[in-house]
$ cat data-v6.pdb   # PDB, C-alpha atoms and all ligand atoms
ATOM      1  CA  MET A 352      -8.500 -22.808 -17.235  1.00  0.00           C
ATOM      2  CA  THR A 353      -4.953 -24.042 -16.696  1.00  0.00           C
ATOM      3  CA  ASP A 354      -1.938 -22.132 -15.443  1.00  0.00           C
ATOM      4  CA  ALA A 355      -0.612 -22.259 -18.975  1.00  0.00           C
ATOM      5  CA  THR A 356      -3.394 -20.100 -20.400  1.00  0.00           C
ATOM      6  CA  THR A 357      -3.349 -17.389 -17.754  1.00  0.00           C
ATOM      7  CA  LEU A 358      -0.368 -15.579 -19.238  1.00  0.00           C
ATOM      8  CA  THR A 359      -1.230 -15.796 -22.912  1.00  0.00           C
ATOM      9  CA  ALA A 360      -0.498 -12.560 -24.763  1.00  0.00           C
ATOM     10  CA  ALA A 361       0.357 -10.710 -21.577  1.00  0.00           C
ATOM     11  CA  PRO A 362       3.572  -8.679 -21.674  1.00  0.00           C
ATOM     12  CA  VAL A 363       6.482 -10.005 -19.622  1.00  0.00           C
ATOM     13  CA  LEU A 364       9.206  -7.576 -18.601  1.00  0.00           C
ATOM     14  CA  ILE A 365      12.272  -8.279 -16.492  1.00  0.00           C
ATOM     15  CA  LEU A 366      14.135  -5.664 -14.452  1.00  0.00           C
ATOM     16  CA  LEU A 367      17.772  -6.623 -13.923  1.00  0.00           C
ATOM     17  CA  GLY A 368      20.209  -4.823 -11.674  1.00  0.00           C
ATOM     18  CA  PRO A 369      22.039  -5.089  -8.357  1.00  0.00           C
ATOM     19  CA  PRO A 370      20.390  -4.447  -4.984  1.00  0.00           C
ATOM     20  CA  GLY A 371      19.799  -0.698  -4.728  1.00  0.00           C
ATOM     21  CA  ALA A 372      19.520  -0.146  -8.486  1.00  0.00           C
ATOM     22  CA  GLY A 373      15.913   0.972  -8.017  1.00  0.00           C
ATOM     23  CA  LYS A 374      14.130  -2.094  -9.403  1.00  0.00           C
ATOM     24  CA  GLY A 375      11.327  -1.946  -6.819  1.00  0.00           C
ATOM     25  CA  THR A 376      10.833   1.816  -7.097  1.00  0.00           C
ATOM     26  CA  GLN A 377      10.767   1.740 -10.872  1.00  0.00           C
ATOM     27  CA  ALA A 378       8.588  -1.380 -11.046  1.00  0.00           C
ATOM     28  CA  ARG A 379       5.953   0.383  -8.945  1.00  0.00           C
ATOM     29  CA  LYS A 380       5.978   3.342 -11.335  1.00  0.00           C
ATOM     30  CA  LEU A 381       5.702   1.055 -14.371  1.00  0.00           C
ATOM     31  CA  GLU A 382       2.839  -0.780 -12.718  1.00  0.00           C
ATOM     32  CA  GLN A 383       0.870   2.460 -12.513  1.00  0.00           C
ATOM     33  CA  ALA A 384       1.897   3.844 -15.907  1.00  0.00           C
ATOM     34  CA  HIS A 385       1.407   0.687 -17.969  1.00  0.00           C
ATOM     35  CA  GLY A 386      -1.231  -1.285 -16.042  1.00  0.00           C
ATOM     36  CA  LEU A 387       1.155  -4.157 -15.321  1.00  0.00           C
ATOM     37  CA  VAL A 388       1.635  -6.206 -12.159  1.00  0.00           C
ATOM     38  CA  GLN A 389       4.906  -6.029 -10.232  1.00  0.00           C
ATOM     39  CA  LEU A 390       6.153  -9.437  -9.126  1.00  0.00           C
ATOM     40  CA  SER A 391       8.979  -9.158  -6.613  1.00  0.00           C
ATOM     41  CA  THR A 392      10.382 -12.493  -5.456  1.00  0.00           C
ATOM     42  CA  GLY A 393      11.966 -10.605  -2.533  1.00  0.00           C
ATOM     43  CA  ASP A 394       8.490  -9.417  -1.437  1.00  0.00           C
ATOM     44  CA  LEU A 395       7.021 -12.897  -1.954  1.00  0.00           C
ATOM     45  CA  LEU A 396       9.810 -14.443   0.122  1.00  0.00           C
ATOM     46  CA  ARG A 397       9.467 -11.836   2.900  1.00  0.00           C
ATOM     47  CA  ALA A 398       5.730 -12.604   3.002  1.00  0.00           C
ATOM     48  CA  ALA A 399       6.507 -16.350   3.225  1.00  0.00           C
ATOM     49  CA  VAL A 400       8.939 -15.671   6.102  1.00  0.00           C
ATOM     50  CA  ALA A 401       6.347 -13.513   7.898  1.00  0.00           C
ATOM     51  CA  GLU A 402       3.669 -16.197   7.454  1.00  0.00           C
ATOM     52  CA  GLY A 403       6.057 -18.904   8.644  1.00  0.00           C
ATOM     53  CA  THR A 404       5.417 -21.191   5.661  1.00  0.00           C
ATOM     54  CA  GLU A 405       7.774 -24.127   5.018  1.00  0.00           C
ATOM     55  CA  ALA A 406       9.483 -22.177   2.196  1.00  0.00           C
ATOM     56  CA  GLY A 407       9.700 -19.105   4.433  1.00  0.00           C
ATOM     57  CA  LYS A 408      11.378 -21.097   7.211  1.00  0.00           C
ATOM     58  CA  ARG A 409      13.962 -22.417   4.762  1.00  0.00           C
ATOM     59  CA  ALA A 410      14.565 -18.975   3.218  1.00  0.00           C
ATOM     60  CA  LYS A 411      14.863 -16.850   6.371  1.00  0.00           C
ATOM     61  CA  ALA A 412      18.498 -17.437   7.388  1.00  0.00           C
ATOM     62  CA  VAL A 413      19.691 -17.354   3.774  1.00  0.00           C
ATOM     63  CA  MET A 414      18.071 -13.952   3.232  1.00  0.00           C
ATOM     64  CA  GLU A 415      19.462 -12.587   6.476  1.00  0.00           C
ATOM     65  CA  ALA A 416      22.945 -13.604   5.320  1.00  0.00           C
ATOM     66  CA  GLY A 417      22.472 -11.746   2.019  1.00  0.00           C
ATOM     67  CA  GLU A 418      22.742 -14.934  -0.023  1.00  0.00           C
ATOM     68  CA  LEU A 419      20.417 -16.310  -2.677  1.00  0.00           C
ATOM     69  CA  VAL A 420      17.531 -18.575  -1.737  1.00  0.00           C
ATOM     70  CA  SER A 421      17.540 -21.919  -3.583  1.00  0.00           C
ATOM     71  CA  ASP A 422      16.318 -21.940  -7.172  1.00  0.00           C
ATOM     72  CA  GLU A 423      13.816 -24.653  -6.291  1.00  0.00           C
ATOM     73  CA  ILE A 424      12.037 -22.508  -3.662  1.00  0.00           C
ATOM     74  CA  VAL A 425      12.062 -19.302  -5.687  1.00  0.00           C
ATOM     75  CA  ILE A 426      10.884 -20.905  -8.935  1.00  0.00           C
ATOM     76  CA  ALA A 427       7.999 -22.627  -7.108  1.00  0.00           C
ATOM     77  CA  ILE A 428       6.921 -19.348  -5.458  1.00  0.00           C
ATOM     78  CA  LEU A 429       7.097 -17.450  -8.746  1.00  0.00           C
ATOM     79  CA  ARG A 430       5.234 -20.159 -10.681  1.00  0.00           C
ATOM     80  CA  ASP A 431       2.364 -20.036  -8.184  1.00  0.00           C
ATOM     81  CA  ARG A 432       2.176 -16.262  -8.278  1.00  0.00           C
ATOM     82  CA  LEU A 433       2.237 -16.153 -12.100  1.00  0.00           C
ATOM     83  CA  ALA A 434      -0.840 -18.374 -12.152  1.00  0.00           C
ATOM     84  CA  SER A 435      -2.938 -15.718 -10.343  1.00  0.00           C
ATOM     85  CA  PRO A 436      -5.623 -14.086 -12.501  1.00  0.00           C
ATOM     86  CA  ASP A 437      -4.246 -10.544 -12.032  1.00  0.00           C
ATOM     87  CA  CYS A 438      -1.075 -11.555 -13.894  1.00  0.00           C
ATOM     88  CA  ARG A 439      -3.100 -11.745 -17.112  1.00  0.00           C
ATOM     89  CA  LYS A 440      -2.575  -7.974 -17.387  1.00  0.00           C
ATOM     90  CA  GLY A 441       1.135  -8.563 -17.848  1.00  0.00           C
ATOM     91  CA  VAL A 442       3.987  -8.615 -15.366  1.00  0.00           C
ATOM     92  CA  ILE A 443       7.170  -6.821 -14.407  1.00  0.00           C
ATOM     93  CA  LEU A 444       9.554  -9.258 -12.766  1.00  0.00           C
ATOM     94  CA  ASP A 445      11.575  -7.484 -10.082  1.00  0.00           C
ATOM     95  CA  GLY A 446      14.387  -9.586  -8.630  1.00  0.00           C
ATOM     96  CA  PHE A 447      13.701 -12.678 -10.745  1.00  0.00           C
ATOM     97  CA  PRO A 448      15.483 -14.370 -12.427  1.00  0.00           C
ATOM     98  CA  ARG A 449      18.690 -14.094 -10.420  1.00  0.00           C
ATOM     99  CA  THR A 450      20.506 -17.185 -11.714  1.00  0.00           C
ATOM    100  CA  THR A 451      20.854 -18.896 -15.085  1.00  0.00           C
ATOM    101  CA  VAL A 452      18.838 -21.854 -13.749  1.00  0.00           C
ATOM    102  CA  GLN A 453      15.968 -19.459 -12.926  1.00  0.00           C
ATOM    103  CA  ALA A 454      16.217 -17.771 -16.344  1.00  0.00           C
ATOM    104  CA  GLU A 455      15.997 -21.133 -18.097  1.00  0.00           C
ATOM    105  CA  ALA A 456      13.063 -22.191 -15.905  1.00  0.00           C
ATOM    106  CA  LEU A 457      11.260 -18.951 -16.779  1.00  0.00           C
ATOM    107  CA  ASP A 458      11.875 -19.512 -20.495  1.00  0.00           C
ATOM    108  CA  ARG A 459      10.327 -22.977 -20.204  1.00  0.00           C
ATOM    109  CA  LEU A 460       7.386 -21.740 -18.144  1.00  0.00           C
ATOM    110  CA  LEU A 461       6.596 -19.034 -20.697  1.00  0.00           C
ATOM    111  CA  ALA A 462       7.131 -21.317 -23.684  1.00  0.00           C
ATOM    112  CA  ASP A 463       4.593 -23.745 -22.211  1.00  0.00           C
ATOM    113  CA  SER A 464       1.981 -20.982 -22.379  1.00  0.00           C
ATOM    114  CA  GLY A 465       3.018 -19.666 -25.811  1.00  0.00           C
ATOM    115  CA  GLN A 466       4.396 -16.595 -24.068  1.00  0.00           C
ATOM    116  CA  ARG A 467       7.692 -14.752 -24.389  1.00  0.00           C
ATOM    117  CA  ILE A 468       9.798 -12.121 -22.688  1.00  0.00           C
ATOM    118  CA  ASN A 469       9.159  -8.707 -24.248  1.00  0.00           C
ATOM    119  CA  ALA A 470      12.263  -7.140 -22.707  1.00  0.00           C
ATOM    120  CA  ALA A 471      14.910  -7.729 -20.052  1.00  0.00           C
ATOM    121  CA  ILE A 472      15.950  -4.270 -18.935  1.00  0.00           C
ATOM    122  CA  SER A 473      19.226  -3.782 -17.114  1.00  0.00           C
ATOM    123  CA  LEU A 474      19.268  -0.832 -14.699  1.00  0.00           C
ATOM    124  CA  ASP A 475      22.915   0.203 -14.971  1.00  0.00           C
ATOM    125  CA  VAL A 476      24.436   1.663 -11.796  1.00  0.00           C
ATOM    126  CA  GLU A 477      27.824   2.095 -10.122  1.00  0.00           C
ATOM    127  CA  ASP A 478      28.509  -0.319  -7.273  1.00  0.00           C
ATOM    128  CA  ALA A 479      30.022   2.394  -5.090  1.00  0.00           C
ATOM    129  CA  ALA A 480      26.690   4.245  -4.846  1.00  0.00           C
ATOM    130  CA  MET A 481      24.678   1.176  -3.891  1.00  0.00           C
ATOM    131  CA  VAL A 482      25.546   0.918  -0.192  1.00  0.00           C
ATOM    132  CA  GLU A 483      24.467   4.537   0.429  1.00  0.00           C
ATOM    133  CA  ARG A 484      21.277   4.039  -1.565  1.00  0.00           C
ATOM    134  CA  ILE A 485      20.312   0.877   0.282  1.00  0.00           C
ATOM    135  CA  SER A 486      21.225   1.883   3.807  1.00  0.00           C
ATOM    136  CA  GLY A 487      18.989   4.987   3.691  1.00  0.00           C
ATOM    137  CA  ARG A 488      15.864   3.370   2.363  1.00  0.00           C
ATOM    138  CA  PHE A 489      12.577   2.642   4.096  1.00  0.00           C
ATOM    139  CA  THR A 490       8.988   1.898   3.091  1.00  0.00           C
ATOM    140  CA  CYS A 491       5.509   2.687   4.327  1.00  0.00           C
ATOM    141  CA  ALA A 492       4.237  -0.364   6.207  1.00  0.00           C
ATOM    142  CA  THR A 493       0.685   0.367   5.058  1.00  0.00           C
ATOM    143  CA  CYS A 494       0.970   0.866   1.286  1.00  0.00           C
ATOM    144  CA  GLY A 495       4.564  -0.107   0.489  1.00  0.00           C
ATOM    145  CA  GLU A 496       5.600   3.268  -0.979  1.00  0.00           C
ATOM    146  CA  GLY A 497       9.406   3.500  -0.968  1.00  0.00           C
ATOM    147  CA  TYR A 498      11.441   6.384   0.493  1.00  0.00           C
ATOM    148  CA  HIS A 499      15.065   7.318   1.191  1.00  0.00           C
ATOM    149  CA  ASP A 500      16.533   9.418   4.018  1.00  0.00           C
ATOM    150  CA  SER A 501      18.495  11.627   1.579  1.00  0.00           C
ATOM    151  CA  PHE A 502      17.131  11.080  -1.935  1.00  0.00           C
ATOM    152  CA  LYS A 503      13.390  10.774  -1.333  1.00  0.00           C
ATOM    153  CA  PRO A 504      12.293  11.763   2.176  1.00  0.00           C
ATOM    154  CA  THR A 505       8.609  11.957   3.090  1.00  0.00           C
ATOM    155  CA  ALA A 506       7.201  15.505   2.820  1.00  0.00           C
ATOM    156  CA  ARG A 507       6.162  15.354   6.495  1.00  0.00           C
ATOM    157  CA  ALA A 508       8.494  13.418   8.776  1.00  0.00           C
ATOM    158  CA  GLY A 509       7.101   9.994   9.610  1.00  0.00           C
ATOM    159  CA  THR A 510       4.020  10.290   7.368  1.00  0.00           C
ATOM    160  CA  CYS A 511       3.608   8.522   4.036  1.00  0.00           C
ATOM    161  CA  ASP A 512       2.988  10.976   1.147  1.00  0.00           C
ATOM    162  CA  ALA A 513       0.935   8.365  -0.702  1.00  0.00           C
ATOM    163  CA  CYS A 514      -1.483   7.060   1.959  1.00  0.00           C
ATOM    164  CA  GLY A 515      -0.898   9.051   5.161  1.00  0.00           C
ATOM    165  CA  GLY A 516       0.322   5.933   6.993  1.00  0.00           C
ATOM    166  CA  THR A 517       2.619   6.597   9.951  1.00  0.00           C
ATOM    167  CA  GLU A 518       4.357   3.236  10.351  1.00  0.00           C
ATOM    168  CA  MET A 519       7.592   2.999   8.387  1.00  0.00           C
ATOM    169  CA  LYS A 520       9.796  -0.084   8.094  1.00  0.00           C
ATOM    170  CA  ARG A 521      13.386  -0.861   7.147  1.00  0.00           C
ATOM    171  CA  ARG A 522      14.532  -4.214   5.790  1.00  0.00           C
ATOM    172  CA  ALA A 523      16.616  -6.447   8.050  1.00  0.00           C
ATOM    173  CA  ASP A 524      19.010  -7.199   5.168  1.00  0.00           C
ATOM    174  CA  ASP A 525      19.686  -3.528   4.367  1.00  0.00           C
ATOM    175  CA  LYS A 526      22.540  -3.389   6.923  1.00  0.00           C
ATOM    176  CA  ALA A 527      25.924  -2.409   5.387  1.00  0.00           C
ATOM    177  CA  GLU A 528      27.565  -5.801   6.043  1.00  0.00           C
ATOM    178  CA  THR A 529      24.686  -7.725   4.446  1.00  0.00           C
ATOM    179  CA  VAL A 530      24.574  -5.334   1.498  1.00  0.00           C
ATOM    180  CA  ALA A 531      28.198  -6.215   0.649  1.00  0.00           C
ATOM    181  CA  GLN A 532      27.250  -9.917   0.531  1.00  0.00           C
ATOM    182  CA  ARG A 533      24.180  -9.167  -1.597  1.00  0.00           C
ATOM    183  CA  LEU A 534      26.313  -7.216  -4.097  1.00  0.00           C
ATOM    184  CA  GLU A 535      28.766 -10.119  -4.235  1.00  0.00           C
ATOM    185  CA  ALA A 536      25.907 -12.564  -4.918  1.00  0.00           C
ATOM    186  CA  TYR A 537      24.673 -10.252  -7.663  1.00  0.00           C
ATOM    187  CA  HIS A 538      28.027 -10.120  -9.446  1.00  0.00           C
ATOM    188  CA  ALA A 539      28.709 -13.847  -9.131  1.00  0.00           C
ATOM    189  CA  GLN A 540      25.262 -15.223  -9.941  1.00  0.00           C
ATOM    190  CA  THR A 541      23.005 -12.582 -11.508  1.00  0.00           C
ATOM    191  CA  ALA A 542      25.221 -10.317 -13.650  1.00  0.00           C
ATOM    192  CA  PRO A 543      25.812 -13.176 -16.179  1.00  0.00           C
ATOM    193  CA  LEU A 544      22.112 -12.844 -17.088  1.00  0.00           C
ATOM    194  CA  ILE A 545      22.909  -9.604 -18.922  1.00  0.00           C
ATOM    195  CA  ALA A 546      24.841 -11.663 -21.492  1.00  0.00           C
ATOM    196  CA  TYR A 547      22.100 -14.334 -21.429  1.00  0.00           C
ATOM    197  CA  TYR A 548      19.388 -11.860 -22.495  1.00  0.00           C
ATOM    198  CA  ASP A 549      21.707 -10.028 -24.863  1.00  0.00           C
ATOM    199  CA  LYS A 550      22.222 -13.322 -26.694  1.00  0.00           C
ATOM    200  CA  ALA A 551      18.440 -13.891 -26.715  1.00  0.00           C
ATOM    201  CA  GLY A 552      17.973 -10.458 -28.341  1.00  0.00           C
ATOM    202  CA  THR A 553      15.741  -9.130 -25.538  1.00  0.00           C
ATOM    203  CA  LEU A 554      18.217  -6.955 -23.606  1.00  0.00           C
ATOM    204  CA  SER A 555      17.797  -3.187 -23.155  1.00  0.00           C
ATOM    205  CA  ARG A 556      19.935  -1.007 -20.892  1.00  0.00           C
ATOM    206  CA  VAL A 557      18.914   2.099 -18.973  1.00  0.00           C
ATOM    207  CA  ASP A 558      21.269   4.411 -17.085  1.00  0.00           C
ATOM    208  CA  ALA A 559      19.908   4.265 -13.523  1.00  0.00           C
ATOM    209  CA  MET A 560      22.285   6.688 -11.777  1.00  0.00           C
ATOM    210  CA  GLY A 561      20.317   9.952 -12.092  1.00  0.00           C
ATOM    211  CA  ALA A 562      17.097  11.336 -10.630  1.00  0.00           C
ATOM    212  CA  ILE A 563      14.295   8.818 -10.030  1.00  0.00           C
ATOM    213  CA  ASP A 564      11.794  10.590 -12.320  1.00  0.00           C
ATOM    214  CA  LYS A 565      14.266  10.949 -15.181  1.00  0.00           C
ATOM    215  CA  ILE A 566      15.134   7.241 -14.974  1.00  0.00           C
ATOM    216  CA  ALA A 567      11.400   6.427 -14.823  1.00  0.00           C
ATOM    217  CA  SER A 568      10.761   8.402 -17.973  1.00  0.00           C
ATOM    218  CA  ASN A 569      13.612   6.720 -19.910  1.00  0.00           C
ATOM    219  CA  LEU A 570      12.484   3.328 -18.661  1.00  0.00           C
ATOM    220  CA  SER A 571       8.864   3.980 -19.555  1.00  0.00           C
ATOM    221  CA  ASP A 572       9.914   4.764 -23.153  1.00  0.00           C
ATOM    222  CA  VAL A 573      11.768   1.435 -23.354  1.00  0.00           C
ATOM    223  CA  VAL A 574       8.732  -0.388 -21.931  1.00  0.00           C
ATOM    224  CA  SER A 575       6.294   1.333 -24.315  1.00  0.00           C
ATOM    225  CA  ARG A 576       8.368   0.138 -27.261  1.00  0.00           C
ATOM    226  CA  ALA A 577       8.717  -3.364 -25.832  1.00  0.00           C
ATOM    227  CA  ILE A 578       4.990  -3.933 -25.279  1.00  0.00           C
ATOM    228  CA  ALA A 579       3.720  -2.095 -28.379  1.00  0.00           C
TER     229      ALA A 579
HETATM  230  P1  LIG B 601      15.192  -8.318  -2.965  1.00  0.00           P
HETATM  231  O1  LIG B 601      14.001  -7.818  -2.232  1.00  0.00           O
HETATM  232  O2  LIG B 601      14.919  -8.561  -4.418  1.00  0.00           O
HETATM  233  O3  LIG B 601      16.422  -7.477  -2.734  1.00  0.00           O
HETATM  234  O4  LIG B 601      15.518  -9.765  -2.354  1.00  0.00           O
HETATM  235  C1  LIG B 601      15.842  -9.926  -0.975  1.00  0.00           C
HETATM  236  C2  LIG B 601      16.467 -11.285  -0.744  1.00  0.00           C
HETATM  237  O5  LIG B 601      15.519 -12.300  -1.111  1.00  0.00           O
HETATM  238  C3  LIG B 601      17.694 -11.578  -1.585  1.00  0.00           C
HETATM  239  O6  LIG B 601      18.895 -11.064  -0.999  1.00  0.00           O
HETATM  240  C4  LIG B 601      17.680 -13.097  -1.614  1.00  0.00           C
HETATM  241  O7  LIG B 601      18.113 -13.644  -0.382  1.00  0.00           O
HETATM  242  C5  LIG B 601      16.195 -13.389  -1.741  1.00  0.00           C
HETATM  243  N1  LIG B 601      15.752 -13.450  -3.157  1.00  0.00           N
HETATM  244  C6  LIG B 601      14.872 -12.603  -3.792  1.00  0.00           C
HETATM  245  N2  LIG B 601      14.676 -12.964  -5.063  1.00  0.00           N
HETATM  246  C7  LIG B 601      15.457 -14.061  -5.262  1.00  0.00           C
HETATM  247  C8  LIG B 601      15.713 -14.894  -6.378  1.00  0.00           C
HETATM  248  N3  LIG B 601      15.139 -14.668  -7.582  1.00  0.00           N
HETATM  249  N4  LIG B 601      16.568 -15.927  -6.205  1.00  0.00           N
HETATM  250  C9  LIG B 601      17.155 -16.182  -5.018  1.00  0.00           C
HETATM  251  N5  LIG B 601      16.975 -15.428  -3.924  1.00  0.00           N
HETATM  252  C10 LIG B 601      16.132 -14.371  -4.034  1.00  0.00           C
END
$ encode --input "data-v6.pdb" --output "structure tokens"
Amino acid sequence: MTDATTLTAAPVLILLGPPGAGKGTQARKLEQAHGLVQLSTGDLLRAAVAEGTEAGKRAKAVMEAGELVSDEIVIAILRDRLASPDCRKGVILDGFPRTTVQAEALDRLLADSGQRINAAISLDVEDAAMVERISGRFTCATCGEGYHDSFKPTARAGTCDACGGTEMKRRADDKAETVAQRLEAYHAQTAPLIAYYDKAGTLSRVDAMGAIDKIASNLSDVVSRAIA
């Protein structure tokens, strides 16, 4: 079996939105509700940095500065991950594409396998709220469940509600000064993709400023229609 056949007929969804919009949180919920696989290029890159791979070494300083890793590295990492057997269930892309070059590469990759994007969903948020959202967030080191100091604390301090893990971690690039750079990169390089997918007829928009569960429910409705 070739890479090209692994994705055939599997739904492909894209979550667009600035850092802090809730892409990771919502992708995890969609994964459970719709039996899809979340593919986060941020997670893949952090794993590459932790493993000390060649790509990870090249990406580390760029990520710490809040800038975008080169298209070449990110596209190669995503292409490899998409070829894994579990992706045959369908995927939710979280944090990819982030540039027009990446969007075009994804279109080509999918076209090669007779596949298409079911929906590119923009999580619409106000910039002003993003710094507060990002600076309070942390995840369980064991299972990856996401939390927030104010908006979604753990029920018992220091203990993960989902798995009982007691080690929590915060991202190095969630510092206020790096967040500002990440938002700038989003507006300069990623926001134009909203027009790109609108033109392609695949764009949907979801208001992502309210309560997490309400947003999840609206998003799930959009996804159900897109993969029907
Ligand atoms: P995220 O976890 O999606 O917020 O990504 C964290 C960091 O990883 C970003 O600030 C970028 O430095 C890098 N990154 C993740 N996805 C991409 C991508 N598609 N293109 C370029 N850089 C990326």
$ atom_distance --input "data-v6.pdb" --atom1 "CA of Gly516 in chain A" --atom2 "CA of Thr493 in chain A"
5.9 Å
$ residues_near_ligand --input "data-v6.pdb" --ligand "ligand LIG 601 (chain B)" --cutoff "8 Å" --atoms "all atoms listed in the file" --output "PyMOL selection string"
chain A and resi 370-371+375+391-394+396-397+410+413-422+425-426+445-450+453+524+533
$ resolve_selection --input "data-v6.pdb" --expression "the PyMOL selection byres (((chain A and resi 440) around 7) and not hetatm)" --output "list in words"
Ala361, Gly386, Leu387, Val388, Asp437, Cys438, Arg439, Gly441 and Val442 of chain A
$ write_last_selection --input "data-v6.pdb" --atoms "C-alpha atoms" --output "PDB file, in the coordinates of the input"
ATOM      1  CA  ALA A 361       0.357 -10.710 -21.577  1.00  0.00           C
ATOM      2  CA  GLY A 386      -1.231  -1.285 -16.042  1.00  0.00           C
ATOM      3  CA  LEU A 387       1.155  -4.157 -15.321  1.00  0.00           C
ATOM      4  CA  VAL A 388       1.635  -6.206 -12.159  1.00  0.00           C
ATOM      5  CA  ASP A 437      -4.246 -10.544 -12.032  1.00  0.00           C
ATOM      6  CA  CYS A 438      -1.075 -11.555 -13.894  1.00  0.00           C
ATOM      7  CA  ARG A 439      -3.100 -11.745 -17.112  1.00  0.00           C
ATOM      8  CA  GLY A 441       1.135  -8.563 -17.848  1.00  0.00           C
ATOM      9  CA  VAL A 442       3.987  -8.615 -15.366  1.00  0.00           C
TER      10      VAL A 442
END
$ resolve_selection --input "data-v6.pdb" --expression "the PyMOL selection byres (((chain A and resi 579) around 12) and not hetatm)" --output "tab-separated table (two decimals) with C-alpha atoms, in the frame of the given file"
chain	number	residue	atom	x	y	z
A	360	ALA	CA	-0.50	-12.56	-24.76
A	361	ALA	CA	0.36	-10.71	-21.58
A	362	PRO	CA	3.57	-8.68	-21.67
A	385	HIS	CA	1.41	0.69	-17.97
A	469	ASN	CA	9.16	-8.71	-24.25
A	470	ALA	CA	12.26	-7.14	-22.71
A	571	SER	CA	8.86	3.98	-19.56
A	572	ASP	CA	9.91	4.76	-23.15
A	573	VAL	CA	11.77	1.44	-23.35
A	574	VAL	CA	8.73	-0.39	-21.93
A	575	SER	CA	6.29	1.33	-24.32
A	576	ARG	CA	8.37	0.14	-27.26
A	577	ALA	CA	8.72	-3.36	-25.83
A	578	ILE	CA	4.99	-3.93	-25.28
$ closest_residue --input "data-v6.pdb" --among "A:Ala551, A:Ala372, A:Val363, A:Val400" --to "Glu455 in chain A" --atoms "only C-alpha atoms"
A:Ala551
$ resolve_selection --input "data-v6.pdb" --expression "the PyMOL selection byres (((chain A and resi 504-506) around 12) and not hetatm)" --output "PyMOL selection string"
chain A and resi 487-491+496-503+507-517+519
$ atom_distance --input "data-v6.pdb" --atom1 "CA of Leu367 in chain A" --atom2 "CA of Asp475 in chain A"
8.6 Å
$ closest_residue --input "data-v6.pdb" --among "A:Glu423, A:Asp564, A:Asp431, A:Asp478" --to "Lys380 in chain A" --atoms "only C-alpha atoms"
A:Asp564
$ atom_distance --input "data-v6.pdb" --atom1 "CA of Arg430 in chain A" --atom2 "CA of Ile545 in chain A"
22.2 Å
$ closest_residue --input "data-v6.pdb" --among "A:Arg379, A:Arg484, A:Arg432, A:Arg556" --to "Ala527 in chain A" --atoms "only C-alpha atoms"
A:Arg484
$ axis_aligned_box --input "data-v6.pdb" --around "range 408-417 of chain A" --padding-each-side "8 Å" --output "lines of an AutoDock Vina configuration file"
center_x = 17.2
center_y = -17.1
center_z = 4.7
size_x = 27.6
size_y = 26.7
size_z = 21.4
$ closest_residue --input "data-v6.pdb" --among "A:Met560, A:Ala462, A:Ala412, A:Leu534" --to "Glu477 in chain A" --atoms "only C-alpha atoms"
A:Met560
$ residues_around --input "data-v6.pdb" --residues "Lys526 in chain A" --least-positions-apart "6" --cutoff "9 Å" --atoms "all atoms listed in the file" --output "NGL selection string"
:A and (482 or 485-486)
$ build_atoms --input "data-v6.pdb" --residues "range 511-522 of chain A" --atoms "N, CA and C atoms" --output "short mmCIF file (atom, residue, chain, number, x, y, z; two decimals), in the frame of the given file"
data_model
loop_
_atom_site.label_atom_id
_atom_site.label_comp_id
_atom_site.auth_asym_id
_atom_site.auth_seq_id
_atom_site.Cartn_x
_atom_site.Cartn_y
_atom_site.Cartn_z
N CYS A 511 3.51 8.92 5.45
CA CYS A 511 3.61 8.52 4.04
C CYS A 511 2.89 9.54 3.14
N ASP A 512 3.59 10.01 2.09
CA ASP A 512 2.99 10.98 1.15
C ASP A 512 1.81 10.33 0.41
N ALA A 513 1.93 9.02 0.15
CA ALA A 513 0.94 8.36 -0.70
C ALA A 513 -0.36 8.04 0.04
N CYS A 514 -0.26 7.53 1.29
CA CYS A 514 -1.48 7.06 1.96
C CYS A 514 -1.70 7.66 3.34
N GLY A 515 -0.73 8.45 3.83
CA GLY A 515 -0.90 9.05 5.16
C GLY A 515 -0.54 8.11 6.31
N GLY A 516 -0.08 6.90 5.96
CA GLY A 516 0.32 5.93 6.99
C GLY A 516 1.47 6.49 7.83
N THR A 517 1.56 6.05 9.08
CA THR A 517 2.62 6.60 9.95
C THR A 517 3.60 5.52 10.43
N GLU A 518 3.40 4.28 9.96
CA GLU A 518 4.36 3.24 10.35
C GLU A 518 5.30 2.99 9.19
N MET A 519 6.59 3.21 9.43
CA MET A 519 7.59 3.00 8.39
C MET A 519 8.44 1.79 8.77
N LYS A 520 8.95 1.06 7.74
CA LYS A 520 9.80 -0.08 8.09
C LYS A 520 11.06 -0.11 7.24
N ARG A 521 12.11 -0.68 7.84
CA ARG A 521 13.39 -0.86 7.15
C ARG A 521 13.67 -2.35 7.07
N ARG A 522 14.27 -2.79 5.96
CA ARG A 522 14.53 -4.21 5.79
C ARG A 522 15.71 -4.68 6.64
#
